[in-house]
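Since the structure comes first, as structure tokens, the remarks are kept for the end.
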Amino acid sequence: MDKKLNIWFDKEGDFLEITVGKPVKGFFKELDNDMLERVEAKTGKVIGFSILNFSKRFDKLKTIKKFQLPIAIELKHA
């Protein structure tokens, strides 16, 4: 079953969340400073990730063109 990628950004809260598939009950688990993975409560599978203070990171990284997140993503054409 193919699942869609969902991207949500709250500008006021400066919060980015990316999940895969339909919304399900889950919880956040801290990965790193202001980075969280979203875990499905029923299965324990990782279903997304979130970054707090997302846009503030770019203010600090003006001279850096890329940065890495502590996650791995598999992409395929739907």
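FYI, nothing fancy with the structure tokens labels: chains A, B, ... in order, residues from 1 per chain, ligands from 1 as they appear.
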DSSP-assigned strand (DSSP E) among range 10-53 of chain A, expressed as a PDB file with C-alpha atoms, in the first residue's frame:
ATOM      1  CA  ASP A  10       3.446  26.116  11.675  1.00  0.00           C
ATOM      2  CA  PHE A  15       7.529  23.820  13.856  1.00  0.00           C
ATOM      3  CA  LEU A  16       7.965  21.502  10.851  1.00  0.00           C
ATOM      4  CA  GLU A  17       6.411  18.038  10.810  1.00  0.00           C
ATOM      5  CA  ILE A  18       6.710  15.450   8.059  1.00  0.00           C
ATOM      6  CA  THR A  19       4.735  12.211   8.281  1.00  0.00           C
ATOM      7  CA  VAL A  20       3.929   9.290   6.009  1.00  0.00           C
ATOM      8  CA  GLY A  26       1.547   8.059  18.127  1.00  0.00           C
ATOM      9  CA  PHE A  27       4.150   9.775  20.225  1.00  0.00           C
ATOM     10  CA  PHE A  28       7.342  11.741  19.759  1.00  0.00           C
ATOM     11  CA  LYS A  29      10.779  10.430  20.674  1.00  0.00           C
ATOM     12  CA  GLU A  30      13.679  12.879  20.903  1.00  0.00           C
ATOM     13  CA  LEU A  31      16.468  12.322  18.368  1.00  0.00           C
ATOM     14  CA  ASP A  32      18.661  15.351  18.838  1.00  0.00           C
ATOM     15  CA  MET A  35      14.539  17.049  16.437  1.00  0.00           C
ATOM     16  CA  LEU A  36      11.950  14.355  17.137  1.00  0.00           C
ATOM     17  CA  GLU A  37      10.773  11.183  15.441  1.00  0.00           C
ATOM     18  CA  ARG A  38       7.071  10.357  15.387  1.00  0.00           C
ATOM     19  CA  VAL A  39       6.363   6.752  16.349  1.00  0.00           C
ATOM     20  CA  GLU A  40       3.079   4.899  15.769  1.00  0.00           C
ATOM     21  CA  VAL A  46       8.599   5.435  12.822  1.00  0.00           C
ATOM     22  CA  ILE A  47       6.017   7.353  10.785  1.00  0.00           C
ATOM     23  CA  GLY A  48       7.638  10.769  10.567  1.00  0.00           C
ATOM     24  CA  PHE A  49       9.796  13.420  12.144  1.00  0.00           C
ATOM     25  CA  SER A  50       9.544  16.967  13.453  1.00  0.00           C
ATOM     26  CA  ILE A  51      11.917  19.872  13.847  1.00  0.00           C
ATOM     27  CA  LEU A  52      11.328  22.578  16.432  1.00  0.00           C
TER      28      LEU A  52
END
**OP:** For CA of Ala41 in chain A and CA of Lys3 in chain A, quote the distance in Å rounded to one decimal.
**Re:**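 So the two atoms, CA of Ala41 in chain A and CA of Lys3 in chain A, lie 17.8 Å apart.
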**OP:** Take CA of Gly21 in chain A and CA of Asn6 in chain A and report the distance between them in Å, one decimal.
**Re:**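 CA of Asn6 in chain A lies 7.3 Å from CA of Gly21 in chain A.
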**OP:** Have a look at CA of Ser55 in chain A and CA of Pro23 in chain A and let me know their distance in Å, one decimal.
**Re:**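 Distance reported for this atom pair: 24.4 Å.
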